$ cat entry00.cif   # mmCIF, C-alpha atoms
data_protein
loop_
_atom_site.label_atom_id
_atom_site.label_comp_id
_atom_site.auth_asym_id
_atom_site.auth_seq_id
_atom_site.Cartn_x
_atom_site.Cartn_y
_atom_site.Cartn_z
CA MET A 1 -29.02 -15.32 0.44
CA PHE A 2 -27.11 -12.78 2.54
CA THR A 3 -27.38 -12.78 6.31
CA ASN A 4 -28.28 -9.62 8.19
CA LYS A 5 -24.61 -9.14 9.05
CA LYS A 6 -23.00 -5.95 7.80
CA ARG A 7 -21.31 -6.05 4.42
CA ILE A 8 -17.51 -6.46 4.41
CA TYR A 9 -16.10 -5.00 1.20
CA LEU A 10 -12.91 -6.02 -0.56
CA SER A 11 -11.19 -2.62 -0.45
CA PRO A 12 -13.44 0.33 0.44
CA PRO A 13 -12.29 3.98 0.48
CA HIS A 14 -10.83 5.15 3.80
CA MET A 15 -11.04 8.88 4.34
CA SER A 16 -8.59 10.68 6.63
CA GLY A 17 -11.06 13.23 7.94
CA ASN A 18 -9.16 16.17 6.46
CA GLU A 19 -10.53 15.93 2.92
CA MET A 20 -13.35 18.42 3.52
CA ALA A 21 -10.90 21.16 4.48
CA PHE A 22 -9.23 20.91 1.07
CA ILE A 23 -12.59 20.68 -0.70
CA GLN A 24 -13.88 23.72 1.20
CA GLU A 25 -10.77 25.66 0.22
CA ALA A 26 -11.47 24.84 -3.43
CA PHE A 27 -15.03 26.11 -3.05
CA ASP A 28 -14.03 29.20 -1.09
CA THR A 29 -11.57 30.21 -3.80
CA ASN A 30 -13.92 29.07 -6.62
CA TRP A 31 -11.26 26.66 -7.98
CA ILE A 32 -13.78 23.91 -8.68
CA ALA A 33 -13.09 23.41 -12.37
CA PRO A 34 -10.27 21.24 -13.72
CA LEU A 35 -6.83 22.45 -12.67
CA GLY A 36 -5.99 24.81 -9.84
CA PRO A 37 -3.67 25.11 -6.82
CA HIS A 38 -4.51 21.68 -5.40
CA VAL A 39 -3.59 20.02 -8.70
CA ASP A 40 -0.22 21.79 -8.78
CA ALA A 41 0.47 20.91 -5.14
CA PHE A 42 -0.68 17.29 -5.47
CA GLU A 43 1.68 16.78 -8.41
CA LYS A 44 4.62 18.19 -6.47
CA GLU A 45 3.80 16.16 -3.36
CA ILE A 46 3.49 12.87 -5.25
CA ALA A 47 6.72 13.47 -7.17
CA SER A 48 8.54 14.26 -3.92
CA HIS A 49 7.07 11.24 -2.17
CA VAL A 50 8.29 8.79 -4.84
CA GLY A 51 11.64 10.49 -5.39
CA LEU A 52 11.08 11.76 -8.93
CA VAL A 53 11.28 15.21 -10.45
CA ASP A 54 7.72 15.71 -11.70
CA ALA A 55 4.20 14.31 -11.95
CA ALA A 56 1.06 15.01 -13.99
CA ALA A 57 -2.36 14.53 -12.39
CA VAL A 58 -4.94 12.98 -14.69
CA SER A 59 -8.42 11.48 -14.64
CA SER A 60 -7.41 7.83 -14.19
CA GLY A 61 -4.53 5.38 -14.18
CA THR A 62 -5.70 4.23 -17.60
CA ALA A 63 -5.35 7.78 -18.92
CA ALA A 64 -1.83 7.92 -17.51
CA ILE A 65 -0.86 4.71 -19.34
CA HIS A 66 -2.41 6.04 -22.56
CA LEU A 67 -0.43 9.28 -22.28
CA ALA A 68 2.80 7.42 -21.51
CA LEU A 69 2.35 5.35 -24.66
CA ARG A 70 1.70 8.52 -26.69
CA LEU A 71 4.86 10.09 -25.29
CA LEU A 72 6.81 7.03 -26.45
CA ASP A 73 5.32 7.42 -29.96
CA VAL A 74 3.46 4.11 -29.88
CA ALA A 75 1.35 3.88 -33.01
CA GLU A 76 -0.42 1.52 -35.39
CA GLY A 77 1.77 -1.44 -36.32
CA ASP A 78 3.89 -1.28 -33.16
CA THR A 79 3.99 -3.90 -30.43
CA VAL A 80 4.03 -3.34 -26.68
CA PHE A 81 4.92 -6.08 -24.21
CA CYS A 82 2.63 -6.21 -21.19
CA SER A 83 2.16 -8.31 -18.05
CA SER A 84 -0.62 -10.84 -18.57
CA LEU A 85 -1.75 -11.21 -14.96
CA THR A 86 -3.36 -7.80 -14.53
CA PHE A 87 -6.55 -5.80 -14.99
CA VAL A 88 -7.51 -5.08 -18.59
CA ALA A 89 -6.79 -1.35 -18.12
CA SER A 90 -3.06 -2.11 -18.31
CA ALA A 91 -3.42 -3.20 -21.93
CA ASN A 92 -6.45 -1.36 -23.34
CA PRO A 93 -4.47 1.84 -24.09
CA ILE A 94 -2.14 -0.18 -26.32
CA VAL A 95 -5.13 -0.97 -28.50
CA TYR A 96 -6.41 2.62 -28.35
CA LEU A 97 -3.32 3.57 -30.36
CA GLY A 98 -3.67 0.77 -32.90
CA ALA A 99 -0.68 -1.13 -31.53
CA THR A 100 -0.62 -4.83 -30.63
CA PRO A 101 0.02 -6.15 -27.12
CA VAL A 102 2.26 -9.15 -26.50
CA PHE A 103 1.61 -10.77 -23.13
CA ILE A 104 4.32 -11.94 -20.73
CA ASP A 105 3.67 -14.53 -18.01
CA SER A 106 4.30 -14.11 -14.29
CA GLU A 107 6.91 -15.86 -12.16
CA PRO A 108 6.28 -17.54 -8.77
CA GLU A 109 8.29 -15.30 -6.43
CA THR A 110 6.39 -12.06 -7.09
CA TRP A 111 3.43 -13.14 -9.26
CA ASN A 112 4.63 -10.39 -11.62
CA MET A 113 6.31 -10.29 -15.02
CA SER A 114 8.73 -13.17 -15.51
CA PRO A 115 12.22 -11.94 -16.49
CA GLN A 116 12.76 -15.41 -17.94
CA ALA A 117 9.78 -15.12 -20.26
CA LEU A 118 10.58 -11.49 -21.04
CA GLU A 119 14.12 -12.42 -22.08
CA ARG A 120 12.85 -15.04 -24.53
CA ALA A 121 10.31 -12.60 -25.95
CA LEU A 122 12.91 -9.85 -26.41
CA TYR A 123 15.47 -12.10 -28.08
CA GLU A 124 12.83 -13.44 -30.44
CA ALA A 125 11.62 -9.92 -31.24
CA ALA A 126 15.18 -8.77 -31.89
CA PHE A 127 15.79 -11.78 -34.15
CA ASN A 128 12.65 -10.88 -36.12
CA GLY A 129 13.70 -7.24 -36.34
CA LYS A 130 10.66 -5.92 -34.45
CA LEU A 131 11.43 -4.96 -30.87
CA PRO A 132 8.52 -3.56 -28.84
CA LYS A 133 8.10 0.21 -28.54
CA ALA A 134 7.62 -0.18 -24.78
CA ILE A 135 7.16 -2.68 -21.97
CA ILE A 136 4.37 -2.26 -19.41
CA VAL A 137 5.37 -3.91 -16.13
CA VAL A 138 2.61 -4.29 -13.54
CA ASN A 139 3.19 -4.41 -9.77
CA LEU A 140 0.36 -6.72 -8.76
CA TYR A 141 -1.57 -6.26 -5.50
CA GLY A 142 1.21 -4.01 -4.17
CA GLN A 143 4.18 -6.33 -4.81
CA SER A 144 6.97 -4.99 -7.03
CA ALA A 145 8.19 -7.06 -9.95
CA LYS A 146 11.84 -8.12 -10.19
CA MET A 147 12.88 -4.70 -11.38
CA ASP A 148 16.65 -5.25 -11.36
CA GLU A 149 16.35 -8.08 -13.88
CA ILE A 150 13.67 -6.36 -15.96
CA VAL A 151 15.48 -3.02 -16.09
CA ALA A 152 18.71 -4.78 -17.12
CA LEU A 153 16.95 -6.58 -19.98
CA CYS A 154 15.24 -3.42 -21.18
CA LYS A 155 18.54 -1.50 -21.13
CA LEU A 156 20.19 -4.29 -23.11
CA PHE A 157 17.54 -4.02 -25.83
CA HIS A 158 16.98 -0.24 -25.48
CA VAL A 159 13.27 -0.61 -24.77
CA PRO A 160 11.61 1.90 -22.40
CA ILE A 161 9.60 0.78 -19.38
CA ILE A 162 6.19 2.01 -18.27
CA GLU A 163 5.78 0.89 -14.67
CA ASP A 164 2.09 0.28 -13.91
CA ALA A 165 2.13 0.89 -10.16
CA ALA A 166 -1.62 1.50 -9.98
CA GLU A 167 -1.89 -0.92 -7.06
CA SER A 168 1.49 -0.32 -5.43
CA LEU A 169 1.74 3.30 -4.27
CA GLY A 170 3.59 3.17 -0.96
CA SER A 171 5.49 -0.02 -1.82
CA THR A 172 9.27 -0.09 -2.17
CA TYR A 173 11.85 -2.16 -4.03
CA LYS A 174 15.35 -2.12 -2.51
CA GLY A 175 14.62 1.23 -0.90
CA ARG A 176 13.16 2.91 -3.97
CA ALA A 177 9.50 3.72 -4.51
CA SER A 178 7.46 1.37 -6.64
CA GLY A 179 6.65 3.21 -9.84
CA SER A 180 9.99 5.08 -10.00
CA PHE A 181 12.00 2.62 -12.12
CA GLY A 182 10.63 3.13 -15.61
CA LYS A 183 10.73 5.95 -18.10
CA PHE A 184 7.24 6.63 -16.79
CA GLY A 185 5.37 5.40 -13.74
CA VAL A 186 1.62 5.23 -13.26
CA TYR A 187 -0.57 5.40 -10.13
CA SER A 188 -4.32 5.05 -9.72
CA PHE A 189 -6.57 6.77 -7.19
CA ASN A 190 -9.69 4.78 -7.99
CA GLY A 191 -12.14 4.26 -5.13
CA ASN A 192 -10.66 0.90 -4.15
CA LYS A 193 -6.97 1.90 -4.15
CA ILE A 194 -4.81 2.41 -1.06
CA ILE A 195 -5.52 6.15 -1.30
CA SER A 196 -8.39 7.48 -3.36
CA THR A 197 -9.60 10.66 -5.01
CA SER A 198 -12.77 8.74 -6.02
CA GLY A 199 -11.34 8.63 -9.51
CA GLY A 200 -7.99 9.80 -10.79
CA GLY A 201 -4.43 8.89 -11.66
CA MET A 202 -0.89 10.22 -11.84
CA LEU A 203 1.88 9.98 -14.41
CA VAL A 204 5.36 10.35 -12.86
CA SER A 205 8.80 10.71 -14.41
CA ASN A 206 12.14 12.49 -14.37
CA ASP A 207 11.37 13.58 -17.93
CA VAL A 208 9.98 17.07 -17.29
CA ASP A 209 9.54 17.86 -20.99
CA GLY A 210 7.63 14.63 -21.43
CA LEU A 211 5.28 15.41 -18.56
CA ASN A 212 4.70 18.93 -19.88
CA LYS A 213 3.69 17.37 -23.17
CA ALA A 214 1.44 14.95 -21.26
CA ARG A 215 -0.34 17.92 -19.66
CA PHE A 216 -0.72 19.50 -23.10
CA LEU A 217 -2.22 16.32 -24.57
CA ALA A 218 -4.44 15.87 -21.51
CA THR A 219 -6.01 19.32 -21.98
CA GLN A 220 -7.24 18.66 -25.53
CA ALA A 221 -3.85 19.52 -27.07
CA ARG A 222 -4.77 23.18 -27.43
CA ASP A 223 -2.04 25.08 -29.25
CA TYR A 224 -0.59 28.25 -27.73
CA ALA A 225 -2.71 30.82 -29.55
CA LEU A 226 -5.31 33.46 -28.69
CA HIS A 227 -7.97 31.45 -30.52
CA TYR A 228 -8.78 27.76 -30.09
CA GLN A 229 -6.36 25.98 -32.39
CA HIS A 230 -5.48 22.28 -32.43
CA SER A 231 -2.74 20.63 -34.48
CA GLN A 232 -2.92 17.13 -32.99
CA ILE A 233 -5.32 14.84 -31.18
CA GLY A 234 -5.71 15.53 -27.48
CA TYR A 235 -7.78 14.22 -24.58
CA ASN A 236 -9.88 15.52 -21.70
CA TYR A 237 -7.73 13.79 -19.09
CA ARG A 238 -6.82 16.37 -16.44
CA MET A 239 -7.78 15.99 -12.77
CA SER A 240 -10.10 18.49 -11.13
CA ASN A 241 -8.92 20.80 -8.37
CA ILE A 242 -11.50 19.32 -5.97
CA LEU A 243 -10.30 15.75 -6.48
CA ALA A 244 -6.68 16.83 -6.18
CA GLY A 245 -7.56 18.33 -2.80
CA VAL A 246 -8.95 14.96 -1.72
CA GLY A 247 -5.75 13.36 -2.95
CA ARG A 248 -3.58 15.70 -0.90
CA ALA A 249 -5.43 14.76 2.29
CA GLN A 250 -5.14 11.09 1.38
CA LEU A 251 -1.44 11.26 0.55
CA ALA A 252 -0.74 12.67 4.01
CA VAL A 253 -1.92 9.38 5.56
CA LEU A 254 -0.47 6.99 2.97
CA GLU A 255 2.09 5.48 5.34
CA GLU A 256 -0.64 4.86 7.92
CA ARG A 257 -2.70 3.08 5.27
CA VAL A 258 0.26 0.90 4.25
CA ILE A 259 0.90 -0.08 7.86
CA ALA A 260 -2.78 -0.88 8.40
CA ARG A 261 -2.98 -3.13 5.34
CA ARG A 262 0.20 -4.91 6.28
CA VAL A 263 -1.30 -5.58 9.73
CA VAL A 264 -4.39 -7.01 8.03
CA PHE A 265 -2.13 -9.28 5.97
CA GLU A 266 -0.21 -10.45 9.05
CA ARG A 267 -3.40 -11.37 10.92
CA TYR A 268 -4.62 -13.38 7.92
CA TYR A 269 -1.23 -15.04 7.57
CA HIS A 270 -0.95 -16.11 11.20
CA ALA A 271 -4.54 -17.40 11.25
CA LEU A 272 -4.63 -19.20 7.90
CA ALA A 273 -1.13 -20.07 6.64
CA HIS A 274 -1.05 -23.34 8.60
CA LEU A 275 -4.23 -24.64 6.94
CA PRO A 276 -3.77 -27.36 4.30
CA GLY A 277 -3.53 -26.06 0.75
CA ILE A 278 -3.12 -22.38 1.66
CA GLN A 279 -0.16 -20.38 0.28
CA PHE A 280 0.06 -16.59 0.54
CA MET A 281 1.41 -14.25 -2.14
CA PRO A 282 5.15 -13.91 -1.43
CA GLU A 283 7.02 -10.73 -0.63
CA LEU A 284 10.32 -10.54 -2.47
CA PRO A 285 13.36 -10.00 -0.19
CA ASN A 286 14.44 -6.34 0.08
CA THR A 287 10.98 -5.17 -0.95
CA ARG A 288 8.04 -3.84 1.02
CA SER A 289 4.59 -4.47 -0.39
CA ASN A 290 1.76 -2.15 0.58
CA ARG A 291 -0.37 -5.34 0.68
CA TRP A 292 -3.13 -3.47 -1.14
CA LEU A 293 -4.96 -6.79 -1.27
CA THR A 294 -4.14 -9.90 0.70
CA ALA A 295 -3.91 -12.60 -1.95
CA LEU A 296 -3.39 -16.32 -1.52
CA THR A 297 -3.76 -19.58 -3.41
CA VAL A 298 -5.91 -22.54 -2.46
CA ASP A 299 -4.94 -26.05 -3.54
CA ALA A 300 -8.39 -27.62 -3.82
CA LYS A 301 -7.08 -31.16 -3.35
CA GLU A 302 -5.20 -30.33 -0.17
CA ALA A 303 -7.77 -27.91 1.26
CA GLY A 304 -10.77 -29.99 0.29
CA VAL A 305 -12.48 -26.87 -1.06
CA SER A 306 -12.02 -24.75 -4.18
CA VAL A 307 -11.57 -20.99 -4.39
CA GLU A 308 -14.94 -20.72 -6.10
CA THR A 309 -16.62 -22.51 -3.19
CA LEU A 310 -14.85 -20.30 -0.66
CA ILE A 311 -16.04 -17.18 -2.48
CA GLU A 312 -19.61 -18.53 -2.39
CA LEU A 313 -19.39 -19.37 1.32
CA LEU A 314 -17.98 -15.92 2.10
CA ALA A 315 -20.77 -14.32 0.05
CA VAL A 316 -23.35 -16.12 2.20
CA GLU A 317 -21.77 -14.30 5.16
CA ASN A 318 -22.04 -10.98 3.25
CA ILE A 319 -18.29 -10.86 2.69
CA GLU A 320 -16.81 -9.74 -0.64
CA ALA A 321 -13.90 -11.78 -2.00
CA ARG A 322 -12.63 -12.22 -5.55
CA LEU A 323 -10.56 -14.43 -7.78
CA VAL A 324 -7.22 -12.99 -8.87
CA TRP A 325 -7.21 -11.26 -12.24
CA LYS A 326 -7.98 -13.43 -15.23
CA PRO A 327 -4.81 -13.32 -17.37
CA LEU A 328 -5.18 -11.07 -20.38
CA HIS A 329 -4.00 -13.74 -22.82
CA MET A 330 -7.07 -15.76 -21.73
CA GLN A 331 -9.52 -12.91 -22.34
CA PRO A 332 -11.82 -13.15 -25.39
CA LEU A 333 -10.86 -9.56 -26.23
CA PHE A 334 -7.26 -10.65 -26.88
CA GLU A 335 -7.84 -14.02 -28.50
CA GLY A 336 -4.93 -14.98 -30.73
CA ILE A 337 -2.49 -12.45 -29.21
CA ALA A 338 1.08 -13.69 -28.66
CA TYR A 339 1.92 -14.91 -25.16
CA TYR A 340 5.17 -16.04 -23.54
CA PRO A 341 4.80 -18.42 -20.57
CA HIS A 342 7.29 -18.52 -17.72
CA SER A 343 8.60 -21.86 -19.02
CA ASP A 344 7.49 -24.79 -21.15
CA SER A 345 6.41 -26.63 -18.01
CA ASP A 346 4.99 -23.77 -15.93
CA ASN A 347 2.27 -21.35 -16.98
CA VAL A 348 2.27 -19.29 -13.79
CA SER A 349 -0.48 -16.76 -14.47
CA GLU A 350 -2.97 -19.45 -15.50
CA ARG A 351 -2.12 -21.48 -12.42
CA LEU A 352 -2.59 -18.46 -10.16
CA PHE A 353 -5.91 -17.64 -11.80
CA GLN A 354 -7.18 -21.15 -11.17
CA SER A 355 -6.27 -21.10 -7.47
CA GLY A 356 -5.91 -17.45 -6.42
CA LEU A 357 -8.15 -15.65 -3.95
CA CYS A 358 -8.23 -11.99 -2.82
CA LEU A 359 -9.56 -11.34 0.68
CA PRO A 360 -11.08 -8.14 2.12
CA SER A 361 -8.11 -5.93 2.94
CA GLY A 362 -9.33 -2.41 3.65
CA SER A 363 -7.24 -0.23 5.94
CA SER A 364 -10.39 0.60 7.95
CA MET A 365 -11.15 -3.07 8.55
CA THR A 366 -11.78 -3.93 12.21
CA GLU A 367 -10.41 -7.05 13.90
CA GLU A 368 -14.01 -8.18 14.34
CA ASP A 369 -14.59 -7.90 10.58
CA GLN A 370 -11.38 -9.76 9.86
CA ASP A 371 -12.27 -12.49 12.34
CA ARG A 372 -15.50 -13.08 10.42
CA VAL A 373 -13.47 -13.71 7.26
CA ILE A 374 -10.96 -15.90 9.07
CA THR A 375 -13.62 -17.97 10.83
CA CYS A 376 -15.51 -18.61 7.60
CA ILE A 377 -12.38 -19.89 5.82
CA GLN A 378 -11.20 -21.96 8.78
CA LYS A 379 -14.59 -23.61 9.22
CA SER A 380 -14.93 -24.30 5.49
CA ILE A 381 -11.55 -26.01 5.19
CA LEU A 382 -11.75 -27.91 8.48
CA LYS A 383 -15.26 -29.12 7.64
CA ALA A 384 -14.11 -30.24 4.20
CA LYS A 385 -11.16 -32.10 5.66
CA SER A 386 -13.29 -33.81 8.34
CA ILE A 387 -15.76 -34.99 5.70
CA SER A 388 -12.98 -36.32 3.46
CA ALA A 389 -11.42 -38.11 6.45
#
$ encode --input "entry00.cif" --output "structure tokens"
Amino acid sequence: MFTNKKRIYLSPPHMSGNEMAFIQEAFDTNWIAPLGPHVDAFEKEIASHVGLVDAAAVSSGTAAIHLALRLLDVAEGDTVFCSSLTFVASANPIVYLGATPVFIDSEPETWNMSPQALERALYEAAFNGKLPKAIIVVNLYGQSAKMDEIVALCKLFHVPIIEDAAESLGSTYKGRASGSFGKFGVYSFNGNKIISTSGGGMLVSNDVDGLNKARFLATQARDYALHYQHSQIGYNYRMSNILAGVGRAQLAVLEERVIARRVVFERYYHALAHLPGIQFMPELPNTRSNRWLTALTVDAKEAGVSVETLIELLAVENIEARLVWKPLHMQPLFEGIAYYPHSDSDNVSERLFQSGLCLPSGSSMTEEDQDRVITCIQKSILKAKSISA
């Protein structure tokens, strides 16, 4: 049963205070329906921020992935390689199009797609004469994958990359924005993301023609005619002008939000990293994670307590915490789908799922709130160790 202490959420929205001005402008000009000046401006501002030529604002990150796959002509009978340690939305659009996902394990230094496993999968696919139509690389919890190695492999086999940066807006890899390395990049503005429009997403690219086609498909693929004419399947995927206004106000404070979440991570790290069995998600050299969520692993034998028990103890204190994503190759939905582990002796994503924990990480989190989380974990582990002693 919960205490009467206030609820601490995993990653709540954090408004800048300027959102209502943009919303009011939309109402004052009667641009409340989908599309409008805020949509156009939000697209330009995102593209500029991540160093790409163009962007298309859509209703969700999932919609952006779906459109990217359509633009790459993914269809029934094709395969698409995808990170396994991710939310199901990374892979669902593959199935929407009748294609088959192939899941690639993580590696220990980023928790993201293993270049080692990807290389084996690509060579085997080439040998069998069926290379994937695309590869979806996920940047988990704000940390970029090893993009140099992955990009090199994809160039070698001429396979385009869709970079799922839903969780990593504001992160960088060797000075470049996360989400800017693939043929297409994807961001999410869901309510729990580092900036939010309540719901929404963005497809980014240097392929202007491709993004223009994405906008066409996202507005029901209406042909250019005086009457309503449709020659191909389209979707109702465009972002509203009101939500784009919220996004513009949020984007203006993105760097502040990244700094705040990194401070949250540092306080957790300094308070908990010395405890037995605790290991934090690494940050690859020459990268900067937005630390969207502070994630760590708990060795139950060393800590004397499991991640499941810690989640239960935090819940008693009215604190939300979660396991890391359940790998997609372990999901009933994808039973029997091909999967390439990091190595014969190390199945990284399954290991992380068994021991991984995500802590409350909101950019509006107070030190008092964070101390409640820290104290609960410290007491739980120290009590467990004293009992075992």
$ closest_atom_pairs --input "entry00.cif" --of "stretch 337-375 of chain A" --to "stretch 8-18 of chain A" --cutoff "12 Å" --atoms "all atoms listed in the file" --output "CSV"
residue,atom,partner,partner_atom,distance
A:Leu357,CA,A:Leu10,CA,11.3
A:Cys358,CA,A:Leu10,CA,7.9
A:Leu359,CA,A:Leu10,CA,6.4
A:Pro360,CA,A:Leu10,CA,3.9
A:Ser361,CA,A:Ser11,CA,5.7
A:Gly362,CA,A:Ser11,CA,4.5
A:Ser363,CA,A:His14,CA,6.8
A:Ser364,CA,A:His14,CA,6.2
A:Met365,CA,A:Ile8,CA,8.3
A:Thr366,CA,A:Ile8,CA,10.0
A:Glu367,CA,A:Ile8,CA,11.9
A:Glu368,CA,A:Ile8,CA,10.7
A:Asp369,CA,A:Ile8,CA,7.0
A:Gln370,CA,A:Ile8,CA,8.8
A:Asp371,CA,A:Ile8,CA,11.3
A:Arg372,CA,A:Ile8,CA,9.2
A:Val373,CA,A:Ile8,CA,8.8
$ closest_residue --input "entry00.cif" --among "A:Tyr224, A:Tyr173, A:Tyr340, A:Phe81" --to "A:Leu69" --atoms "only C-alpha atoms"
A:Phe81
$ atom_distance --input "entry00.cif" --atom1 "atom CA of A:Gly247" --atom2 "atom CA of A:Thr197"
5.1 Å
$ resolve_selection --input "entry00.cif" --expression "the PyMOL selection byres ((chain A and resi 242) around 12)" --output "PyMOL selection string"
chain A and resi 19-40+42+197-200+238-241+243-249
$ residues_around --input "entry00.cif" --residues "stretch 313-324 of chain A" --least-positions-apart "4" --cutoff "9 Å" --atoms "all atoms listed in the file" --output "ChimeraX atom specification"
/A:1-10,85-86,295-296,307-309,352-360,372-373,376-377,380
$ residues_near_point --input "entry00.cif" --point "(2.0, 9.7, -25.0)" --cutoff "10 Å" --atoms "only C-alpha atoms" --output "number ranges by chain"
A: 63-75, 97, 210-211, 213-214, 217-218, 234
$ resolve_selection --input "entry00.cif" --expression "the PyMOL selection byres ((chain A and resi 179-191) around 8)" --output "number ranges by chain"
A: 12-13, 50-52, 60-61, 64-65, 68, 147, 151, 160-169, 176-178, 192-207, 247
$ write_last_selection --input "entry00.cif" --atoms "C-alpha atoms" --output "JSON list (two decimals), keeping the file's coordinate frame"
[["chain", "number", "residue", "atom", "x", "y", "z"],
["A", 12, "PRO", "CA", -13.44, 0.33, 0.44],
["A", 13, "PRO", "CA", -12.29, 3.98, 0.48],
["A", 50, "VAL", "CA", 8.29, 8.79, -4.84],
["A", 51, "GLY", "CA", 11.64, 10.49, -5.39],
["A", 52, "LEU", "CA", 11.08, 11.76, -8.93],
["A", 60, "SER", "CA", -7.41, 7.83, -14.19],
["A", 61, "GLY", "CA", -4.53, 5.38, -14.18],
["A", 64, "ALA", "CA", -1.83, 7.92, -17.51],
["A", 65, "ILE", "CA", -0.86, 4.71, -19.34],
["A", 68, "ALA", "CA", 2.80, 7.42, -21.51],
["A", 147, "MET", "CA", 12.88, -4.70, -11.38],
["A", 151, "VAL", "CA", 15.48, -3.02, -16.09],
["A", 160, "PRO", "CA", 11.61, 1.90, -22.40],
["A", 161, "ILE", "CA", 9.60, 0.78, -19.38],
["A", 162, "ILE", "CA", 6.19, 2.01, -18.27],
["A", 163, "GLU", "CA", 5.78, 0.89, -14.67],
["A", 164, "ASP", "CA", 2.09, 0.28, -13.91],
["A", 165, "ALA", "CA", 2.13, 0.89, -10.16],
["A", 166, "ALA", "CA", -1.62, 1.50, -9.98],
["A", 167, "GLU", "CA", -1.89, -0.92, -7.06],
["A", 168, "SER", "CA", 1.49, -0.32, -5.43],
["A", 169, "LEU", "CA", 1.74, 3.30, -4.27],
["A", 176, "ARG", "CA", 13.16, 2.91, -3.97],
["A", 177, "ALA", "CA", 9.50, 3.72, -4.51],
["A", 178, "SER", "CA", 7.46, 1.37, -6.64],
["A", 192, "ASN", "CA", -10.66, 0.90, -4.15],
["A", 193, "LYS", "CA", -6.97, 1.90, -4.15],
["A", 194, "ILE", "CA", -4.81, 2.41, -1.06],
["A", 195, "ILE", "CA", -5.52, 6.15, -1.30],
["A", 196, "SER", "CA", -8.39, 7.48, -3.36],
["A", 197, "THR", "CA", -9.60, 10.66, -5.01],
["A", 198, "SER", "CA", -12.77, 8.74, -6.02],
["A", 199, "GLY", "CA", -11.34, 8.63, -9.51],
["A", 200, "GLY", "CA", -7.99, 9.80, -10.79],
["A", 201, "GLY", "CA", -4.43, 8.89, -11.66],
["A", 202, "MET", "CA", -0.89, 10.22, -11.84],
["A", 203, "LEU", "CA", 1.88, 9.98, -14.41],
["A", 204, "VAL", "CA", 5.36, 10.35, -12.86],
["A", 205, "SER", "CA", 8.80, 10.71, -14.41],
["A", 206, "ASN", "CA", 12.14, 12.49, -14.37],
["A", 207, "ASP", "CA", 11.37, 13.58, -17.93],
["A", 247, "GLY", "CA", -5.75, 13.36, -2.95]]
$ atom_distance --input "entry00.cif" --atom1 "atom CA of A:Ala56" --atom2 "atom CA of A:Ala152"
26.7 Å
$ atom_distance --input "entry00.cif" --atom1 "atom CA of A:Gln116" --atom2 "atom CA of A:Leu153"
10.0 Å
$ resolve_selection --input "entry00.cif" --expression "the PyMOL selection byres ((chain A and resi 339) around 7)" --output "PyMOL selection string"
chain A and resi 102-104+329+337-338+340-341
$ closest_residue --input "entry00.cif" --among "A:Leu226, A:Leu251, A:Leu140, A:Ile135" --to "A:Cys154" --atoms "all atoms listed in the file"
A:Ile135
$ axis_aligned_box --input "entry00.cif" --around "stretch 55-64 of chain A" --padding-each-side "6 Å" --output "lines of an AutoDock Vina configuration file"
center_x = -2.1
center_y = 9.6
center_z = -15.4
size_x = 24.6
size_y = 22.8
size_z = 19.0
$ closest_residue --input "entry00.cif" --among "A:Ser306, A:Ser343, A:Gln331, A:Ser289" --to "A:Lys174" --atoms "all atoms listed in the file"
A:Ser289
$ residues_around --input "entry00.cif" --residues "A:Ile94" --least-positions-apart "6" --cutoff "7 Å" --atoms "all atoms listed in the file" --output "PDB file with C-alpha atoms, in the coordinates of the input"
ATOM      1  CA  VAL A  80       4.030  -3.340 -26.680  1.00  0.00           C
ATOM      2  CA  THR A 100      -0.620  -4.830 -30.630  1.00  0.00           C
ATOM      3  CA  PRO A 101       0.020  -6.150 -27.120  1.00  0.00           C
TER       4      PRO A 101
END
$ closest_residue --input "entry00.cif" --among "A:Ser386, A:Asn112, A:Thr172, A:Gln143" --to "A:Ala303" --atoms "all atoms listed in the file"
A:Ser386
$ residues_around --input "entry00.cif" --residues "A:Glu43" --least-positions-apart "6" --cutoff "7 Å" --atoms "all atoms listed in the file" --output "number ranges by chain"
A: 54-57
$ residues_around --input "entry00.cif" --residues "A:Gly304" --least-positions-apart "6" --cutoff "12 Å" --atoms "all atoms listed in the file" --output "list of chain:residue names"
A:Leu275, A:Pro276, A:Gly277, A:Ile278, A:Val298, A:Leu310, A:Ile377, A:Gln378, A:Lys379, A:Ser380, A:Ile381, A:Leu382, A:Lys383, A:Ala384, A:Lys385, A:Ser386, A:Ile387, A:Ser388, A:Ala389
$ closest_residue --input "entry00.cif" --among "A:Glu149, A:Glu107, A:Glu76, A:Glu45" --to "A:Glu350" --atoms "all atoms listed in the file"
A:Glu107
$ residues_around --input "entry00.cif" --residues "A:Ser114" --least-positions-apart "2" --cutoff "9 Å" --atoms "all atoms listed in the file" --output "PyMOL selection string"
chain A and resi 83+104-108+110-112+116-119+145-146+150+341-342
